[in-house]
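Notes to accompany the following structure.
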Amino acid sequence: MPNRIAVHPELYSPDSAGNPPLNGGKCRACGYVFFPPQSYGCESCGAPPEKLEPVQLAGSGTLHSYATVHLHMGKDIEAPFTIGLIVLDDGPAISSTLANRTDEGLAIGDRMKSVLVAAGTDQQGIEMVELRFAKAEERK
Amino acid sequence: MKKSLRDMRPVYVVGIGLHRYQRLSETPYVTLGLAAVRHALADAALEWRSVESAYTGTAVIGMAASRPMLRHLGATGIPMAQVENASASGSTAFRQACLDVASGLTDVSLAIGVDKPGPFAMAPSKTRMRDLVGSRMVPWTHFALLAQEYMTRWGVSAEQIGMVAVKNRRNGASNPYAQRQKAVTLEEVMAGPAISGSLTRLQCCPIGEGAAAVIVASGDAIAQLGIDRKRAVRVIASVSKTERVYRGAKNWDAELTRETVEDAYREAGVGPGDLDLMELHDAFTIEELLYVEAMGLCAPGKAAGAIAAGEFDIGGRCAVSASGGLIAMGHPIGPTGVGQIAEITRNLRGEAGVRQQPNAKTGLAHMVGVGAVCVVHILQKEA
């Protein structure tokens, strides 16, 4: 039995220490790096699936924009929550829920890192974790 | 050698008709659609039997919408098809009608847009490519992110973006086909409720029901069917593009619009300084600022100042969304792009009443859609 499971098992491991990496993809034909991973074909050059390979993307990047969502109809999270657009150091721009509910203290250009946060338990009572991003602690 | 619309025979808008955009009602889509088509036929002084093909822009009412509606005008046996292209469904239906006439396949074709809100499926959710945010990322949050980035980059305030809603609601207040026909103050716009980021409810378009119809015809048809040539407006560009991979560029929405409009300018032989009016995809206020800049109407970061100075008002250098745009006229999806053509035609004919842009000669219609797609047309009054 696993100790805990990821809400998106295809996108990150629930057991990473530190800033968990993201599962992305890379095209061996043109070098294009993308997220989320897929094995349909390269969006950039059209190379077939056999040219695509999994690649781990570091869980670090820069905040490009953010928005606190006040109205949300979905059931998996309650508003308010904050979405960040983060340009990963490894290339792709991704959207992620941020660890803090509000945008207090956030500024475009902030350094960001991935974190695993508790996301309740599944039907067997196993702890679930979800990858979000948080402002990186400033080095003293 | 490949050709653009401009290289084929001329296509003219000869008839326009609308059913008011409104909140979801008990009215069947058939009633909405037939009202728009009958108005367009009357406007062109044409009989239904003269129409040789029909394209229905519709995204959400379901499979096989066209004939169960249009047969009530007389089942003439013409080719009909639905066109689904997300928010640009109506624009794409119009493009197909134009291409039929331009190529010589028909002399008279119809584009109609009709939709009613209801349950529907989104194919992108079936690609089995899950990202981190899923349904937490909705269109208003996508544009709230772009708004925050824009405000930070250019030192623009949330209120300056909110002015788009004030302008477009003022225009919509005199449009009998608009879903929202009441002007609002900036205080009302900013008072909320907050939706996402700096976007408030009144900075988001209403999605209701409605219908819009446009009839296009060849020069031959105008002569043979006794259509009033002075009220005909020529379609001088039709361009449809989809998003590419924009490495390094962060705002893919603006890039797609920039590329599509550039192609349309080239095809029409006009530039941004030639546009007297335009209807653009202002589903959310921030989009108007992003797109007028991407279209070259003003320098990057300068749109808020131009709006404040009245440059995009009716009577300004280019009237932007004289109809009220999506913010005021509404965005019933299928009809929206067809309704834009109707508003531009009305202005180029000089028949827009209090929404008339003085001496309007050239107008541009712009829609974007999830996917992402962008469809642009340029219309011109012949001298």
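Labels used: A, B, ... for chains in the order of the structure tokens, numbers from 1 for residues in each chain, and numbers from 1 for ligands as shown.
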
Interface, chain B side, toward chain A (7 Å; only C-alpha atoms) as number ranges by chain: B: 129-133, 135-136, 141, 144-145, 148-149, 194-197, 245

Expected file contents, prior selection, all heavy atoms, as a short mmCIF file (atom, residue, chain, number, x, y, z; two decimals), in the first residue's frame:
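The result, written out as out_30.cif:
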data_model
loop_
_atom_site.label_atom_id
_atom_site.label_comp_id
_atom_site.auth_asym_id
_atom_site.auth_seq_id
_atom_site.Cartn_x
_atom_site.Cartn_y
_atom_site.Cartn_z
N MET B 129 -5.42 14.69 -22.12
CA MET B 129 -4.22 15.40 -21.72
C MET B 129 -4.61 16.26 -20.53
O MET B 129 -5.14 17.34 -20.68
CB MET B 129 -3.71 16.28 -22.86
CG MET B 129 -2.96 15.52 -23.92
SD MET B 129 -2.55 16.58 -25.31
CE MET B 129 -1.57 17.84 -24.52
N ARG B 130 -4.35 15.73 -19.33
CA ARG B 130 -4.73 16.44 -18.13
C ARG B 130 -3.62 17.38 -17.71
O ARG B 130 -2.46 16.99 -17.72
CB ARG B 130 -5.01 15.43 -17.00
CG ARG B 130 -6.36 15.67 -16.38
CD ARG B 130 -6.87 14.63 -15.45
NE ARG B 130 -5.98 13.89 -14.61
CZ ARG B 130 -6.14 13.79 -13.28
NH1 ARG B 130 -7.09 14.45 -12.67
NH2 ARG B 130 -5.33 13.02 -12.58
N ASP B 131 -3.97 18.62 -17.36
CA ASP B 131 -2.97 19.52 -16.81
C ASP B 131 -3.20 19.68 -15.31
O ASP B 131 -4.01 18.96 -14.73
CB ASP B 131 -2.97 20.86 -17.56
CG ASP B 131 -4.29 21.60 -17.44
OD1 ASP B 131 -5.12 21.21 -16.58
OD2 ASP B 131 -4.50 22.55 -18.19
N LEU B 132 -2.51 20.61 -14.69
CA LEU B 132 -2.59 20.74 -13.23
C LEU B 132 -3.88 21.41 -12.76
O LEU B 132 -4.28 21.24 -11.62
CB LEU B 132 -1.40 21.56 -12.70
CG LEU B 132 -0.03 20.91 -12.73
CD1 LEU B 132 1.05 21.94 -12.40
CD2 LEU B 132 0.03 19.74 -11.73
N VAL B 133 -4.52 22.19 -13.63
CA VAL B 133 -5.64 23.02 -13.16
C VAL B 133 -7.01 22.54 -13.63
O VAL B 133 -8.01 22.82 -12.95
CB VAL B 133 -5.44 24.51 -13.56
CG1 VAL B 133 -4.37 25.13 -12.69
CG2 VAL B 133 -5.09 24.65 -15.02
N SER B 135 -10.60 22.00 -14.60
CA SER B 135 -11.76 22.89 -14.65
C SER B 135 -11.61 24.13 -13.77
O SER B 135 -12.47 24.99 -13.75
CB SER B 135 -13.01 22.12 -14.22
OG SER B 135 -12.88 21.73 -12.88
N ARG B 136 -10.49 24.21 -13.04
CA ARG B 136 -10.27 25.44 -12.25
C ARG B 136 -9.90 26.60 -13.18
O ARG B 136 -9.98 27.75 -12.78
CB ARG B 136 -9.13 25.23 -11.25
CG ARG B 136 -9.47 24.23 -10.17
CD ARG B 136 -8.28 24.00 -9.26
NE ARG B 136 -8.54 22.87 -8.39
CZ ARG B 136 -7.65 22.33 -7.57
NH1 ARG B 136 -6.43 22.84 -7.52
NH2 ARG B 136 -7.96 21.29 -6.82
N THR B 141 -10.78 33.32 -16.00
CA THR B 141 -9.50 33.32 -15.30
C THR B 141 -8.34 33.43 -16.29
O THR B 141 -7.36 34.13 -16.03
CB THR B 141 -9.37 32.07 -14.41
OG1 THR B 141 -10.35 32.17 -13.37
CG2 THR B 141 -8.00 31.95 -13.79
N ALA B 144 -8.29 36.99 -16.86
CA ALA B 144 -7.86 37.72 -15.65
C ALA B 144 -6.34 37.66 -15.53
O ALA B 144 -5.70 38.63 -15.11
CB ALA B 144 -8.52 37.12 -14.41
N LEU B 145 -5.74 36.54 -15.91
CA LEU B 145 -4.28 36.42 -15.90
C LEU B 145 -3.66 37.41 -16.90
O LEU B 145 -2.68 38.09 -16.60
CB LEU B 145 -3.85 34.99 -16.25
CG LEU B 145 -4.11 33.93 -15.17
CD1 LEU B 145 -4.00 32.52 -15.76
CD2 LEU B 145 -3.15 34.08 -14.00
N GLN B 148 -3.94 40.99 -15.42
CA GLN B 148 -2.96 41.29 -14.38
C GLN B 148 -1.59 41.56 -14.99
O GLN B 148 -0.89 42.49 -14.60
CB GLN B 148 -2.88 40.12 -13.39
CG GLN B 148 -1.95 40.37 -12.21
CD GLN B 148 -2.43 41.54 -11.36
OE1 GLN B 148 -3.60 41.62 -11.00
NE2 GLN B 148 -1.54 42.47 -11.05
N GLU B 149 -1.24 40.74 -15.97
CA GLU B 149 0.06 40.90 -16.63
C GLU B 149 0.10 42.25 -17.36
O GLU B 149 1.09 42.98 -17.29
CB GLU B 149 0.27 39.74 -17.61
CG GLU B 149 1.72 39.52 -18.01
CD GLU B 149 2.11 40.28 -19.25
OE1 GLU B 149 1.23 40.57 -20.08
OE2 GLU B 149 3.31 40.61 -19.37
N ALA B 194 -17.02 40.51 -7.83
CA ALA B 194 -15.75 40.10 -8.42
C ALA B 194 -15.89 38.68 -8.97
O ALA B 194 -16.52 37.83 -8.34
CB ALA B 194 -14.65 40.16 -7.36
N ILE B 195 -15.30 38.45 -10.14
CA ILE B 195 -15.38 37.11 -10.75
C ILE B 195 -14.02 36.41 -10.66
O ILE B 195 -13.89 35.36 -10.05
CB ILE B 195 -15.83 37.21 -12.22
CG1 ILE B 195 -17.21 37.89 -12.33
CG2 ILE B 195 -15.84 35.82 -12.87
CD1 ILE B 195 -18.36 37.11 -11.75
N SER B 196 -13.01 37.05 -11.26
CA SER B 196 -11.66 36.48 -11.22
C SER B 196 -10.66 37.60 -11.41
O SER B 196 -10.82 38.42 -12.33
CB SER B 196 -11.50 35.42 -12.32
OG SER B 196 -10.27 34.73 -12.15
N GLY B 197 -9.65 37.65 -10.56
CA GLY B 197 -8.68 38.73 -10.65
C GLY B 197 -9.41 40.06 -10.56
O GLY B 197 -10.28 40.24 -9.71
N VAL B 245 2.78 27.52 -32.36
CA VAL B 245 3.60 27.53 -31.15
C VAL B 245 4.44 28.80 -31.19
O VAL B 245 5.27 28.95 -32.09
CB VAL B 245 4.50 26.28 -31.09
CG1 VAL B 245 5.49 26.37 -29.93
CG2 VAL B 245 3.65 25.02 -30.97
#

For B:Ala75: contacts at 10 Å, only C-alpha atoms, fewer than 6 positions along chain excluded, given as a ChimeraX atom specification: /B:48-49,67-68

Export of prior selection with all heavy atoms as a CSV table (one decimal), in the first residue's frame:
chain,number,residue,atom,x,y,z
B,48,TRP,N,-36.8,33.4,-50.7
B,48,TRP,CA,-36.0,32.3,-50.2
B,48,TRP,C,-35.6,31.4,-51.3
B,48,TRP,O,-34.4,30.8,-51.2
B,48,TRP,CB,-36.9,31.5,-49.1
B,48,TRP,CG,-36.2,30.2,-48.7
B,48,TRP,CD1,-36.7,29.0,-48.9
B,48,TRP,CD2,-35.0,30.0,-48.0
B,48,TRP,NE1,-35.9,28.0,-48.4
B,48,TRP,CE2,-34.8,28.6,-47.8
B,48,TRP,CE3,-34.0,30.9,-47.5
B,48,TRP,CZ2,-33.7,28.1,-47.2
B,48,TRP,CZ3,-32.9,30.4,-46.9
B,48,TRP,CH2,-32.8,29.0,-46.7
B,49,ARG,N,-36.4,31.2,-52.3
B,49,ARG,CA,-36.0,30.3,-53.4
B,49,ARG,C,-34.7,30.8,-54.2
B,49,ARG,O,-34.1,30.0,-54.9
B,49,ARG,CB,-37.1,30.0,-54.4
B,49,ARG,CG,-37.6,31.3,-55.1
B,49,ARG,CD,-38.6,30.9,-56.2
B,49,ARG,NE,-39.1,32.1,-56.9
B,49,ARG,CZ,-40.1,32.8,-56.4
B,49,ARG,NH1,-40.8,32.5,-55.3
B,49,ARG,NH2,-40.5,33.9,-57.0
B,67,ARG,N,-31.7,22.0,-41.3
B,67,ARG,CA,-32.9,21.8,-42.1
B,67,ARG,C,-34.2,21.8,-41.3
B,67,ARG,O,-35.2,22.3,-41.7
B,67,ARG,CB,-32.8,20.5,-43.0
B,67,ARG,CG,-33.9,20.4,-44.0
B,67,ARG,CD,-33.9,19.2,-44.9
B,67,ARG,NE,-35.1,19.2,-45.7
B,67,ARG,CZ,-36.3,18.8,-45.3
B,67,ARG,NH1,-36.4,18.3,-44.0
B,67,ARG,NH2,-37.3,18.8,-46.1
B,68,PRO,N,-34.1,21.2,-40.0
B,68,PRO,CA,-35.3,21.3,-39.2
B,68,PRO,C,-35.8,22.7,-39.0
B,68,PRO,O,-37.0,22.9,-38.6
B,68,PRO,CB,-34.9,20.6,-37.9
B,68,PRO,CG,-33.8,19.7,-38.3
B,68,PRO,CD,-33.1,20.4,-39.4

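The protein and nucleic acid residues lying at most 8 Å from A:Val115 are Gly18, Asn19, Pro20, Ala99, Leu131, Arg132, Phe133 and Ala134 of chain A, with only C-alpha atoms considered and sequence neighbours fewer than 3 positions away removed.
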
Can those selected residues be exported to a file as a short mmCIF file (atom, residue, chain, number, x, y, z; two decimals), in the first residue's frame so that it contains N, CA, C and O atoms?
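Now in result.cif:
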data_model
loop_
_atom_site.label_atom_id
_atom_site.label_comp_id
_atom_site.auth_asym_id
_atom_site.auth_seq_id
_atom_site.Cartn_x
_atom_site.Cartn_y
_atom_site.Cartn_z
N GLY A 18 11.52 17.74 -1.24
CA GLY A 18 11.88 19.07 -1.73
C GLY A 18 10.86 19.59 -2.72
O GLY A 18 9.66 19.45 -2.51
N ASN A 19 11.34 20.22 -3.79
CA ASN A 19 10.45 20.77 -4.82
C ASN A 19 10.23 19.72 -5.89
O ASN A 19 11.12 19.48 -6.71
N PRO A 20 9.05 19.10 -5.89
CA PRO A 20 8.87 17.97 -6.81
C PRO A 20 8.95 18.40 -8.28
O PRO A 20 8.44 19.45 -8.64
N ALA A 99 -0.27 27.77 -3.59
CA ALA A 99 -0.47 27.22 -2.24
C ALA A 99 -1.30 28.16 -1.37
O ALA A 99 -2.11 27.71 -0.57
N LEU A 131 0.04 18.85 -6.32
CA LEU A 131 1.16 19.76 -6.58
C LEU A 131 0.63 21.17 -6.83
O LEU A 131 -0.27 21.38 -7.65
N ARG A 132 1.16 22.11 -6.08
CA ARG A 132 0.85 23.52 -6.31
C ARG A 132 2.17 24.28 -6.36
O ARG A 132 3.24 23.68 -6.20
N PHE A 133 2.09 25.57 -6.59
CA PHE A 133 3.31 26.39 -6.56
C PHE A 133 3.19 27.41 -5.45
O PHE A 133 2.09 27.84 -5.10
N ALA A 134 4.32 27.77 -4.88
CA ALA A 134 4.37 28.78 -3.83
C ALA A 134 5.56 29.69 -4.09
O ALA A 134 6.52 29.31 -4.79
#

Atomic distance atom CA of B:Asn171 - atom CA of B:Gly316, expressed in Å with one decimal: 12.8 Å

Stretch 218-227 of chain B environment, 9 Å, only C-alpha atoms, sequence neighbours closer than 5 positions dropped, as a ChimeraX atom specification: /B:9-12,14,44-46,50,101-102,104,106-108,232

Residue contacts of B:Ala383 (12 Å, only C-alpha atoms) excluding same-chain residues fewer than 6 positions away, as JSON, numbers by chain: {"B": [229, 230, 231, 232, 233, 234, 348, 349, 359, 360, 361, 362]}

Backbone-only DSSP, alpha helix (DSSP H) members of stretch 68-294 of chain B, as a ChimeraX atom specification: /B:68-70,89-103,139-154,158-172,186-190,219-224,252-268,285-294

Filtered DSSP result for stretch 18-135 of chain A, state strand (DSSP E or B), as a PyMOL selection string: chain A and resi 22-27+33-34+52-57+60-69+81-88+93-98+111-121+127-135

Nearby residues (only C-alpha atoms) at most 10 Å from B:Leu105, same-chain spacing under 6 positions excluded, as a count of residues only: 3

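Summary of the local environment: counting only C-alpha atoms, residues at most 12 Å from A:Pro48, other than itself and those fewer than 6 positions away along its chain, are Lys26, Cys27, Arg28, Ala29, Cys30, Gln38, Ser39, Tyr40, Gly41 and Cys42 of chain A.
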
With 12 Å as the cut-off and only C-alpha atoms counted, what is the closest atom pair between each nearby residue of stretch 125-187 of chain B and stretch 332-335 of chain B? Distances in Å to one decimal, ordered by chain and number, as CSV.
residue,atom,partner,partner_atom,distance
B:Tyr177,CA,B:Pro335,CA,11.6
B:Ala178,CA,B:Pro332,CA,10.8
B:Gln179,CA,B:Pro332,CA,9.5

Keeping N, CA and C atoms for every residue in the selection just given, could you write it to a file as a PDB file, in the first residue's frame?
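Result saved to out_4.pdb:
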ATOM      1  N   TYR B 177     -31.166  45.115 -30.599  1.00  0.00           N
ATOM      2  CA  TYR B 177     -30.892  43.674 -30.642  1.00  0.00           C
ATOM      3  C   TYR B 177     -29.969  43.235 -29.511  1.00  0.00           C
ATOM      4  N   ALA B 178     -29.493  44.187 -28.690  1.00  0.00           N
ATOM      5  CA  ALA B 178     -28.541  43.869 -27.626  1.00  0.00           C
ATOM      6  C   ALA B 178     -29.241  43.208 -26.445  1.00  0.00           C
ATOM      7  N   GLN B 179     -28.514  42.260 -25.828  1.00  0.00           N
ATOM      8  CA  GLN B 179     -29.041  41.631 -24.616  1.00  0.00           C
ATOM      9  C   GLN B 179     -29.048  42.628 -23.455  1.00  0.00           C
TER      10      GLN B 179
END

Closest of B:Met1, B:Pro119, B:Ala211, B:Thr185 to B:Leu32 - atom-to-atom distances counting only C-alpha atoms: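 With only C-alpha atoms as the atom set, the closest residue is B:Ala211.
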